[in-house]
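**Student:** File upload08.pdb below, PDB, C-alpha atoms:
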```pdb
ATOM      1  CA  MET A  67       0.000   0.000   0.000
ATOM      2  CA  SER A  68       1.230   3.489  -0.756
ATOM      3  CA  GLN A  69       2.373   5.884   1.945
ATOM      4  CA  ILE A  70      -0.395   6.810   4.352
ATOM      5  CA  PRO A  71      -0.208  10.319   5.815
ATOM      6  CA  GLU A  72      -0.519  10.693   9.562
ATOM      7  CA  LYS A  73      -3.403  13.096   9.231
ATOM      8  CA  MET A  74      -6.101  12.798   6.636
ATOM      9  CA  THR A  75      -9.429  14.481   6.224
ATOM     10  CA  LEU A  76     -12.437  12.340   5.357
ATOM     11  CA  ALA A  77     -12.427  13.770   1.862
ATOM     12  CA  GLU A  78      -8.739  12.886   1.441
ATOM     13  CA  PHE A  79      -9.443   9.400   2.733
ATOM     14  CA  GLU A  80     -12.232   8.888   0.230
ATOM     15  CA  GLN A  81     -10.023  10.204  -2.532
ATOM     16  CA  ARG A  82      -7.327   7.684  -1.635
ATOM     17  CA  LEU A  83      -9.653   4.771  -0.934
ATOM     18  CA  PRO A  84      -9.616   3.366  -4.504
ATOM     19  CA  GLU A  85      -5.818   3.266  -4.273
ATOM     20  CA  PHE A  86      -5.910   1.603  -0.843
ATOM     21  CA  PHE A  87      -8.189  -1.086  -2.223
ATOM     22  CA  ALA A  88      -6.208  -1.487  -5.424
ATOM     23  CA  THR A  89      -2.812  -1.844  -3.802
ATOM     24  CA  GLY A  90      -3.689  -3.391  -0.454
ATOM     25  CA  THR A  91      -2.893  -6.994   0.185
ATOM     26  CA  GLY A  92      -5.754  -7.769   2.487
ATOM     27  CA  SER A  93      -8.486  -6.306   4.601
ATOM     28  CA  ILE A  94      -8.320  -2.526   4.838
ATOM     29  CA  SER A  95     -10.352  -2.507   8.034
ATOM     30  CA  ASP A  96      -7.612  -4.642   9.647
ATOM     31  CA  ASP A  97      -4.686  -2.634   8.287
ATOM     32  CA  PRO A  98      -2.767  -1.425  11.358
ATOM     33  CA  ARG A  99      -1.713   1.776   9.599
ATOM     34  CA  LEU A 100      -5.340   2.806   9.198
ATOM     35  CA  GLN A 101      -6.629   1.697  12.586
ATOM     36  CA  ALA A 102      -6.292   5.051  14.342
ATOM     37  CA  PHE A 103      -7.964   6.878  11.494
ATOM     38  CA  LEU A 104     -10.831   4.390  11.250
ATOM     39  CA  LEU A 105     -11.381   4.469  15.013
ATOM     40  CA  GLU A 106     -11.666   8.232  14.921
ATOM     41  CA  ASN A 107     -13.926   8.184  11.884
ATOM     42  CA  PRO A 108     -16.741   5.654  12.227
ATOM     43  CA  ASP A 109     -18.321   6.728   8.932
ATOM     44  CA  ALA A 110     -15.116   5.931   7.104
ATOM     45  CA  ALA A 111     -14.868   2.614   8.967
ATOM     46  CA  ALA A 112     -18.465   1.778   7.998
ATOM     47  CA  LEU A 113     -17.777   2.598   4.361
ATOM     48  CA  VAL A 114     -14.690   0.376   4.333
ATOM     49  CA  ARG A 115     -16.564  -2.518   5.954
ATOM     50  CA  ASP A 116     -19.436  -2.146   3.497
ATOM     51  CA  PHE A 117     -17.051  -2.125   0.556
ATOM     52  CA  GLU A 118     -15.344  -5.224   1.924
ATOM     53  CA  SER A 119     -18.720  -6.957   2.262
ATOM     54  CA  ILE A 120     -19.586  -6.058  -1.315
ATOM     55  CA  VAL A 121     -16.204  -7.254  -2.609
ATOM     56  CA  GLU A 122     -16.552 -10.522  -0.706
ATOM     57  CA  ALA A 123     -20.076 -11.109  -2.006
ATOM     58  CA  ALA A 124     -18.952 -10.251  -5.549
ATOM     59  CA  LYS A 125     -16.227 -12.903  -5.388
ATOM     60  CA  GLY A 126     -18.963 -15.383  -4.539
ATOM     61  CA  LEU A 127     -20.836 -14.467  -7.716
ATOM     62  CA  PHE A 128     -17.927 -15.665  -9.861
ATOM     63  CA  ALA A 129     -18.686 -19.331  -9.403
ATOM     64  CA  VAL A 130     -22.424 -18.887  -9.640
ATOM     65  CA  GLY A 131     -24.066 -19.504 -12.960
ATOM     66  CA  ASP A 132     -27.704 -19.914 -12.109
ATOM     67  CA  ALA A 133     -28.941 -18.472 -15.337
ATOM     68  CA  GLU A 134     -29.118 -20.731 -18.340
ATOM     69  CA  PRO A 135     -29.469 -19.773 -21.993
ATOM     70  CA  SER A 136     -32.567 -21.017 -23.790
ATOM     71  CA  ASP A 137     -32.410 -24.200 -25.877
ATOM     72  CA  ALA A 138     -32.614 -22.027 -28.988
ATOM     73  CA  VAL A 139     -29.014 -20.902 -28.381
ATOM     74  CA  TRP A 140     -27.600 -24.395 -28.776
ATOM     75  CA  GLN A 141     -29.919 -25.016 -31.717
ATOM     76  CA  ASN A 142     -28.604 -21.882 -33.445
ATOM     77  CA  ILE A 143     -25.009 -22.846 -32.714
ATOM     78  CA  GLN A 144     -25.556 -26.261 -34.280
ATOM     79  CA  ASN A 145     -27.153 -24.701 -37.367
ATOM     80  CA  GLU A 146     -24.313 -22.213 -37.772
ATOM     81  CA  LEU A 147     -21.605 -24.823 -37.324
ATOM     82  CA  LYS A 148     -22.923 -27.065 -40.034
ATOM     83  CA  SER A 149     -21.158 -24.818 -42.529
ATOM     84  CA  VAL A 150     -18.174 -23.669 -40.480
ATOM     85  CA  PRO A 151     -15.065 -25.851 -40.045
ATOM     86  CA  PRO A 152     -12.830 -25.133 -37.032
ATOM     87  CA  GLU A 153      -9.612 -23.211 -37.738
ATOM     88  CA  GLY A 154      -6.627 -25.496 -37.398
ATOM     89  CA  GLY A 155      -8.905 -28.184 -36.109
ATOM     90  CA  GLY A 156      -9.576 -31.650 -37.314
ATOM     91  CA  GLN A 157     -11.725 -33.007 -40.054
ATOM     92  CA  GLY A 158     -14.727 -33.932 -37.974
ATOM     93  CA  SER A 159     -18.198 -32.649 -38.492
ATOM     94  CA  ALA A 160     -19.952 -29.907 -36.593
ATOM     95  CA  PRO A 161     -21.978 -30.894 -33.547
ATOM     96  CA  ALA A 162     -25.111 -32.735 -34.552
TER      97      ALA A 162
ATOM     98  CA  MET B 222     -27.768 -12.135 -34.650
ATOM     99  CA  GLN B 223     -25.321  -9.641 -36.036
ATOM    100  CA  GLU B 224     -22.513 -10.427 -38.435
ATOM    101  CA  THR B 225     -18.983 -10.576 -37.116
ATOM    102  CA  THR B 226     -16.049 -10.175 -39.482
ATOM    103  CA  ASN B 227     -12.868 -12.236 -39.418
ATOM    104  CA  ALA B 228     -10.900  -9.155 -38.453
ATOM    105  CA  ASP B 229     -13.233  -8.615 -35.540
ATOM    106  CA  LEU B 230     -12.815 -12.197 -34.459
ATOM    107  CA  GLU B 231      -9.051 -11.895 -34.587
ATOM    108  CA  THR B 232      -9.329  -8.856 -32.364
ATOM    109  CA  ALA B 233     -11.546 -10.741 -29.992
ATOM    110  CA  ALA B 234      -9.148 -13.660 -29.909
ATOM    111  CA  ALA B 235      -6.137 -11.444 -29.281
ATOM    112  CA  PRO B 236      -4.783 -12.162 -25.837
ATOM    113  CA  ILE B 237      -4.778  -9.448 -23.260
ATOM    114  CA  PRO B 238      -1.137  -8.415 -22.723
ATOM    115  CA  ALA B 239       0.657 -10.373 -20.054
ATOM    116  CA  VAL B 240       0.693  -8.588 -16.739
ATOM    117  CA  THR B 241       2.287  -9.152 -13.414
ATOM    118  CA  PRO B 242      -0.539  -8.861 -10.951
ATOM    119  CA  PRO B 243       0.323  -7.701  -7.466
ATOM    120  CA  ALA B 244      -0.105 -10.240  -4.689
ATOM    121  CA  LYS B 245      -3.735  -9.929  -3.851
ATOM    122  CA  PRO B 246      -6.260 -12.364  -2.443
ATOM    123  CA  ASN B 247      -8.574 -12.307  -5.434
ATOM    124  CA  SER B 248      -5.886 -12.377  -8.089
ATOM    125  CA  GLY B 249      -5.128 -15.509 -10.024
ATOM    126  CA  LEU B 250      -7.950 -16.555 -12.263
ATOM    127  CA  PHE B 251      -6.196 -19.858 -12.714
ATOM    128  CA  LYS B 252      -6.835 -20.630  -9.052
ATOM    129  CA  ARG B 253     -10.444 -19.638  -9.439
ATOM    130  CA  ASN B 254     -10.819 -21.880 -12.461
ATOM    131  CA  PRO B 255      -9.741 -25.332 -11.356
ATOM    132  CA  PRO B 256      -9.785 -27.994 -14.078
ATOM    133  CA  ILE B 257     -13.121 -29.739 -14.553
ATOM    134  CA  ALA B 258     -13.201 -33.516 -14.719
ATOM    135  CA  GLY B 259     -13.227 -34.703 -18.311
ATOM    136  CA  GLU B 260     -12.699 -31.203 -19.679
ATOM    137  CA  ALA B 261      -9.148 -31.689 -20.994
ATOM    138  CA  GLU B 262     -10.137 -34.778 -22.904
ATOM    139  CA  ALA B 263     -13.220 -33.052 -24.313
ATOM    140  CA  ILE B 264     -11.048 -30.138 -25.472
ATOM    141  CA  GLU B 265      -8.632 -32.397 -27.308
ATOM    142  CA  ARG B 266     -11.453 -34.348 -28.916
ATOM    143  CA  ALA B 267     -13.331 -31.177 -29.852
ATOM    144  CA  LYS B 268     -10.147 -29.806 -31.453
ATOM    145  CA  ASN B 269     -10.350 -32.777 -33.779
ATOM    146  CA  GLY B 270     -13.914 -31.962 -34.644
ATOM    147  CA  ASP B 271     -15.639 -34.367 -32.260
ATOM    148  CA  ALA B 272     -19.214 -33.081 -32.119
ATOM    149  CA  GLU B 273     -20.066 -34.843 -28.895
ATOM    150  CA  ALA B 274     -17.010 -33.379 -27.178
ATOM    151  CA  PHE B 275     -17.936 -29.860 -28.266
ATOM    152  CA  SER B 276     -21.438 -30.451 -26.967
ATOM    153  CA  LYS B 277     -19.904 -31.432 -23.641
ATOM    154  CA  LEU B 278     -17.850 -28.220 -23.539
ATOM    155  CA  TYR B 279     -21.023 -26.282 -24.208
ATOM    156  CA  SER B 280     -22.822 -28.076 -21.390
ATOM    157  CA  LEU B 281     -19.936 -27.478 -18.986
ATOM    158  CA  HIS B 282     -19.552 -23.770 -19.707
ATOM    159  CA  LYS B 283     -22.854 -22.439 -21.047
ATOM    160  CA  ARG B 284     -24.087 -21.171 -17.665
ATOM    161  CA  ARG B 285     -20.890 -19.348 -16.798
ATOM    162  CA  VAL B 286     -20.551 -17.799 -20.254
ATOM    163  CA  TYR B 287     -24.210 -16.802 -20.355
ATOM    164  CA  THR B 288     -24.106 -15.407 -16.819
ATOM    165  CA  LEU B 289     -21.026 -13.355 -17.703
ATOM    166  CA  CYS B 290     -22.756 -11.970 -20.811
ATOM    167  CA  LEU B 291     -25.904 -11.245 -18.844
ATOM    168  CA  ARG B 292     -23.987  -9.421 -16.114
ATOM    169  CA  MET B 293     -22.060  -7.363 -18.635
ATOM    170  CA  LEU B 294     -24.987  -6.564 -20.898
ATOM    171  CA  GLY B 295     -27.952  -6.626 -18.534
ATOM    172  CA  ASN B 296     -30.173  -7.897 -21.333
ATOM    173  CA  VAL B 297     -31.360 -11.492 -21.870
ATOM    174  CA  SER B 298     -31.688 -11.318 -25.641
ATOM    175  CA  GLU B 299     -28.255  -9.760 -26.168
ATOM    176  CA  ALA B 300     -26.741 -12.133 -23.628
ATOM    177  CA  GLU B 301     -28.074 -15.128 -25.579
ATOM    178  CA  ASP B 302     -26.736 -13.690 -28.840
ATOM    179  CA  MET B 303     -23.313 -13.172 -27.300
ATOM    180  CA  THR B 304     -23.325 -16.650 -25.745
ATOM    181  CA  GLN B 305     -24.011 -18.045 -29.197
ATOM    182  CA  GLU B 306     -21.271 -15.885 -30.678
ATOM    183  CA  ALA B 307     -18.810 -16.926 -27.973
ATOM    184  CA  PHE B 308     -19.317 -20.636 -28.593
ATOM    185  CA  LEU B 309     -19.164 -20.217 -32.370
ATOM    186  CA  HIS B 310     -15.921 -18.340 -31.909
ATOM    187  CA  LEU B 311     -14.723 -21.021 -29.525
ATOM    188  CA  PHE B 312     -15.397 -23.682 -32.132
ATOM    189  CA  ARG B 313     -13.355 -21.800 -34.713
ATOM    190  CA  LYS B 314     -10.495 -20.961 -32.388
ATOM    191  CA  LEU B 315     -10.269 -24.037 -30.222
ATOM    192  CA  GLY B 316      -7.241 -25.246 -32.174
ATOM    193  CA  SER B 317      -5.271 -22.250 -30.893
ATOM    194  CA  PHE B 318      -5.890 -23.075 -27.234
ATOM    195  CA  ARG B 319      -2.531 -24.200 -25.876
ATOM    196  CA  GLY B 320      -3.458 -24.760 -22.265
ATOM    197  CA  GLU B 321      -1.259 -21.930 -20.975
ATOM    198  CA  SER B 322      -4.132 -20.777 -18.811
ATOM    199  CA  ALA B 323      -7.183 -22.595 -17.536
ATOM    200  CA  PHE B 324      -9.620 -23.263 -20.344
ATOM    201  CA  SER B 325     -12.400 -21.404 -18.547
ATOM    202  CA  THR B 326     -10.103 -18.374 -18.092
ATOM    203  CA  TRP B 327      -9.351 -18.432 -21.804
ATOM    204  CA  LEU B 328     -13.035 -18.786 -22.659
ATOM    205  CA  HIS B 329     -13.947 -15.978 -20.258
ATOM    206  CA  ARG B 330     -11.434 -13.614 -21.845
ATOM    207  CA  LEU B 331     -12.652 -14.535 -25.287
ATOM    208  CA  THR B 332     -16.217 -13.829 -24.162
ATOM    209  CA  VAL B 333     -15.320 -10.521 -22.490
ATOM    210  CA  ASN B 334     -13.545  -9.370 -25.657
ATOM    211  CA  LEU B 335     -16.518 -10.335 -27.811
ATOM    212  CA  VAL B 336     -18.941  -8.486 -25.545
ATOM    213  CA  LEU B 337     -16.757  -5.374 -25.529
ATOM    214  CA  MET B 338     -16.452  -5.521 -29.293
ATOM    215  CA  HIS B 339     -20.214  -5.906 -29.556
ATOM    216  CA  LEU B 340     -20.725  -2.838 -27.366
ATOM    217  CA  ARG B 341     -18.284  -0.795 -29.416
ATOM    218  CA  LYS B 342     -20.114  -1.797 -32.590
ATOM    219  CA  LYS B 343     -23.266  -0.505 -31.014
ATOM    220  CA  GLY B 344     -21.477   2.784 -30.650
ATOM    221  CA  LEU B 345     -21.118   2.522 -26.941
ATOM    222  CA  ASN B 346     -17.868   4.178 -25.972
ATOM    223  CA  LEU B 347     -17.349   2.425 -22.696
ATOM    224  CA  VAL B 348     -15.237   4.929 -20.898
ATOM    225  CA  SER B 349     -16.797   8.076 -22.183
ATOM    226  CA  LEU B 350     -20.376   7.192 -21.505
ATOM    227  CA  GLU B 351     -21.996  10.317 -20.259
ATOM    228  CA  GLU B 352     -23.682   8.433 -17.480
ATOM    229  CA  THR B 353     -20.404   6.857 -16.415
ATOM    230  CA  ILE B 354     -18.049   9.782 -16.409
ATOM    231  CA  ASN B 355     -20.655  12.264 -15.447
ATOM    232  CA  PRO B 356     -23.623  10.290 -14.162
ATOM    233  CA  SER B 357     -26.957  11.954 -13.951
ATOM    234  CA  GLU B 358     -27.924  13.321 -10.572
ATOM    235  CA  GLU B 359     -30.086  10.264 -10.088
ATOM    236  CA  ASP B 360     -27.422   7.705 -11.031
ATOM    237  CA  ALA B 361     -24.405   9.236  -9.375
ATOM    238  CA  PRO B 362     -23.382   7.681  -6.077
ATOM    239  CA  LYS B 363     -24.074   9.893  -3.129
ATOM    240  CA  ARG B 364     -21.219  11.108  -0.993
ATOM    241  CA  ASP B 365     -21.437   9.320   2.301
ATOM    242  CA  PHE B 366     -19.130  11.095   4.672
ATOM    243  CA  GLY B 367     -20.858  13.416   7.039
ATOM    244  CA  SER B 368     -23.963  11.282   7.007
ATOM    245  CA  ARG B 369     -25.104   8.926   9.697
ATOM    246  CA  ASP B 370     -26.765   6.318   7.567
ATOM    247  CA  PRO B 371     -26.591   2.806   8.930
ATOM    248  CA  MET B 372     -23.999   0.557   7.388
ATOM    249  CA  LEU B 373     -24.995  -2.614   5.594
ATOM    250  CA  ALA B 374     -26.127  -5.251   8.014
ATOM    251  CA  GLY B 375     -23.334  -7.814   7.829
ATOM    252  CA  SER B 376     -22.878  -9.966   4.761
ATOM    253  CA  VAL B 377     -24.403  -8.981   1.450
ATOM    254  CA  ASP B 378     -27.141 -11.169   0.047
ATOM    255  CA  ARG B 379     -26.172 -12.646  -3.322
ATOM    256  CA  VAL B 380     -29.554 -12.164  -4.963
ATOM    257  CA  ALA B 381     -29.743  -8.573  -3.764
ATOM    258  CA  LEU B 382     -26.239  -7.939  -5.090
ATOM    259  CA  GLU B 383     -27.075  -9.462  -8.499
ATOM    260  CA  ARG B 384     -30.111  -7.201  -8.677
ATOM    261  CA  ALA B 385     -28.132  -4.142  -7.653
ATOM    262  CA  VAL B 386     -25.365  -4.892 -10.164
ATOM    263  CA  ALA B 387     -27.960  -5.215 -12.921
ATOM    264  CA  SER B 388     -29.274  -1.758 -12.148
ATOM    265  CA  LEU B 389     -25.872  -0.050 -12.271
ATOM    266  CA  PRO B 390     -25.144   2.326 -15.160
ATOM    267  CA  PRO B 391     -23.372   0.302 -17.922
ATOM    268  CA  GLY B 392     -19.893   1.728 -17.383
ATOM    269  CA  TYR B 393     -19.942   1.149 -13.642
ATOM    270  CA  ARG B 394     -21.367  -2.329 -14.136
ATOM    271  CA  MET B 395     -18.706  -3.274 -16.653
ATOM    272  CA  VAL B 396     -15.779  -2.331 -14.409
ATOM    273  CA  PHE B 397     -17.367  -3.855 -11.306
ATOM    274  CA  VAL B 398     -18.111  -7.178 -13.050
ATOM    275  CA  LEU B 399     -14.661  -7.355 -14.626
ATOM    276  CA  HIS B 400     -12.786  -6.500 -11.424
ATOM    277  CA  ASP B 401     -14.777  -7.665  -8.429
ATOM    278  CA  VAL B 402     -16.597 -10.628  -9.975
ATOM    279  CA  GLU B 403     -14.308 -11.860 -12.745
ATOM    280  CA  GLY B 404     -11.050 -10.998 -11.004
ATOM    281  CA  PHE B 405      -9.345  -8.973 -13.718
ATOM    282  CA  GLU B 406      -6.701  -6.480 -12.605
ATOM    283  CA  HIS B 407      -7.034  -2.760 -13.221
ATOM    284  CA  ASN B 408      -4.275  -2.764 -15.832
ATOM    285  CA  GLU B 409      -6.037  -5.556 -17.726
ATOM    286  CA  ILE B 410      -9.338  -3.691 -17.562
ATOM    287  CA  ALA B 411      -7.640  -0.512 -18.715
ATOM    288  CA  THR B 412      -6.315  -2.374 -21.751
ATOM    289  CA  MET B 413      -9.682  -3.914 -22.515
ATOM    290  CA  LEU B 414     -11.636  -0.694 -22.090
ATOM    291  CA  GLU B 415      -8.921   1.504 -23.573
ATOM    292  CA  CYS B 416      -8.790   3.765 -20.568
ATOM    293  CA  SER B 417      -6.239   4.555 -17.859
ATOM    294  CA  THR B 418      -5.820   2.375 -14.781
ATOM    295  CA  GLY B 419      -6.723   5.436 -12.742
ATOM    296  CA  ASN B 420     -10.010   5.656 -14.591
ATOM    297  CA  SER B 421     -10.676   1.969 -13.938
ATOM    298  CA  LYS B 422     -10.007   2.414 -10.200
ATOM    299  CA  SER B 423     -12.156   5.493 -10.066
ATOM    300  CA  GLN B 424     -15.064   3.810 -11.893
ATOM    301  CA  LEU B 425     -14.841   0.822  -9.572
ATOM    302  CA  HIS B 426     -14.957   3.069  -6.527
ATOM    303  CA  LYS B 427     -18.036   4.852  -7.866
ATOM    304  CA  ALA B 428     -19.642   1.518  -8.724
ATOM    305  CA  ARG B 429     -19.141   0.265  -5.150
ATOM    306  CA  LEU B 430     -20.533   3.507  -3.742
ATOM    307  CA  LYS B 431     -23.583   3.172  -5.955
ATOM    308  CA  LEU B 432     -24.010  -0.487  -5.005
ATOM    309  CA  ARG B 433     -23.809   0.380  -1.316
ATOM    310  CA  GLU B 434     -26.525   2.916  -1.837
ATOM    311  CA  LEU B 435     -28.698   0.455  -3.776
ATOM    312  CA  LEU B 436     -28.169  -2.341  -1.256
ATOM    313  CA  ARG B 437     -29.148  -0.098   1.641
ATOM    314  CA  GLN B 438     -32.438   0.528  -0.098
ATOM    315  CA  THR B 439     -33.177  -3.201  -0.199
ATOM    316  CA  GLU B 440     -32.427  -3.753   3.470
ATOM    317  CA  PRO B 441     -35.047  -3.711   6.227
ATOM    318  CA  ILE B 442     -35.751  -0.268   7.607
ATOM    319  CA  ALA B 443     -33.042   0.689  10.062
ATOM    320  CA  PRO B 444     -33.198   3.441  12.691
ATOM    321  CA  PRO B 445     -34.017   6.811  11.112
ATOM    322  CA  ALA B 446     -31.030   8.400   9.455
ATOM    323  CA  GLN B 447     -29.984  11.791  10.641
ATOM    324  CA  ILE B 448     -29.753  14.709   8.325
ATOM    325  CA  LYS B 449     -27.289  14.143   5.535
ATOM    326  CA  GLU B 450     -24.578  16.662   5.099
ATOM    327  CA  ALA B 451     -22.930  16.018   1.801
ATOM    328  CA  VAL B 452     -19.251  16.741   1.991
ATOM    329  CA  GLN B 453     -18.142  18.854  -0.908
TER     330      GLN B 453
END
```
Render the structure in this file as structure tokens.

**Tutor:**
Amino acid sequence: MSQIPEKMTLAEFEQRLPEFFATGTGSISDDPRLQAFLLENPDAAALVRDFESIVEAAKGLFAVGDAEPSDAVWQNIQNELKSVPPEGGGQGSAPA
Amino acid sequence: MQETTNADLETAAAPIPAVTPPAKPNSGLFKRNPPIAGEAEAIERAKNGDAEAFSKLYSLHKRRVYTLCLRMLGNVSEAEDMTQEAFLHLFRKLGSFRGESAFSTWLHRLTVNLVLMHLRKKGLNLVSLEETINPSEEDAPKRDFGSRDPMLAGSVDRVALERAVASLPPGYRMVFVLHDVEGFEHNEIATMLECSTGNSKSQLHKARLKLRELLRQTEPIAPPAQIKEAVQ
């Protein structure tokens, strides 16, 4: 994480927050260099915790693929592939 | 479905420049894409034109590819078109997959590039969208410091987050999905969106602010908020 000034205003903190998140190696709310500031500024601490909750939940979305394309998608793919050989591929036919 | 030229497809297949991501918990798509049983064999067979093997690859990856398209585009019809396009492109390009990254990572990048290309064709300049750079009063995230709004109550509900992401302005949504969901680094996103890394970081910050605001609205009523004093 880049250098953190001893004194920061809330506005300065918000301005630097994207950088803290981008270059930090872990939880910002647990970063010892920010503890004093976050203790003195509960709104900033709440914002950081909320962002961390959002980031954590977003990571969980990665593996989730609940939505499924309609059967028409595969049907269209099959129709298209009947006339398209793979580049550098083998001599087999398109999916039937 | 719209036509895609060979030149376009080459662009879409072009790898994102190699980067050295900083040590970070969510970096490393390879780790997030562990090999799937039977996938390697299906890839090799599909490379040789085995129809059944390609069908298996479609079955294994259709949900993830479609979900990615849906998250990026926010539109079912377009997401289905792009899913179709992604698998057609996969069929044509499968021979060039060398296994240097996880197959699903490779397929995800291919899909992301196709979606971005699709958006550019539609005339959507991703980083200069009026609503992204200068969101309307309604869309712009509110400044939070100085307020006494309650924070989010613990963990964020997945369904609520999906809904909130879908309602983000396109530019915010794109950067949030690419970074926080898909795990791309800011320098990769900057390359893909043809913007600066600073812009990517800034858009992500605004997207998270907007999401926080949207998620608060979906939570049960908390104690009355005190008067907001927007910090200028």

**Student:** Counting all atoms listed in the file, note down every residue that has an atom within 12 Å of the point (-13.4, -10.6, 1.2) (file coordinates), as a list in words.

**Tutor:** Phe87, Thr91, Gly92, Ser93, Ile94, Ser95, Asp96, Val114, Arg115, Asp116, Phe117, Glu118, Ser119, Ile120, Val121, Glu122, Ala123, Ala124, Lys125 and Gly126 of chain A; Lys245, Pro246, Asn247, Ser376, Val377, Asp401 and Val402 of chain B

**Student:** Identify all residues satisfying the ChimeraX specification (/A :<7) & /B in the given file; provide them as a PyMOL selection string.

**Tutor:** chain B and resi 244-246+268-273+275-276+284-285+287-288+301+305+309+312-314+316+366+372-373+376-377+379+401-403+422-423+426+429+433

**Student:** Could you tell me how far CA of Val286 in chain B sits from CA of Leu331 in chain B, in Å to one decimal place?

**Tutor:**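 Answer for the CA of Leu331 in chain B to CA of Val286 in chain B separation: 9.9 Å.
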
**Student:** Point out the residue among B:Val297, B:Ile257, B:Leu425, B:Leu414 with the least atom-to-atom distance to Ser280 in chain B, counting all atoms listed in the file.

**Tutor:**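 Nearest to Ser280 in chain B: B:Ile257.
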
**Student:** Taking the point (-31.6, -7.8, -3.8) as given in the file, collect each protein or nucleic acid residue that comes within 10 Å of it, counting only C-alpha atoms, and present the set as a list in words.

**Tutor:** Val377, Asp378, Arg379, Val380, Ala381, Leu382, Glu383, Arg384, Ala385, Val386, Leu435, Leu436, Arg437, Gln438, Thr439 and Glu440 of chain B

**Student:** Applying 12 Å and all atoms listed in the file, which residues near Ala258 in chain B remain after dropping the ones on its own chain fewer than 5 positions away? List them as a list in words.

**Tutor:**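 Near Ala258 in chain B, the qualifying residues are Ala263, Ile264, Lys277, Leu278 and Leu281 of chain B.
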
**Student:** Go ahead and compute the interatomic distance for CA of Arg99 in chain A and CA of Met74 in chain A, in Å to one decimal.

**Tutor:**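 The value is 12.2 Å.
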
**Student:** CA of Leu389 in chain B to CA of Thr326 in chain B: how many Å, to one decimal?

**Tutor:**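 Those two atoms sit 24.9 Å apart.
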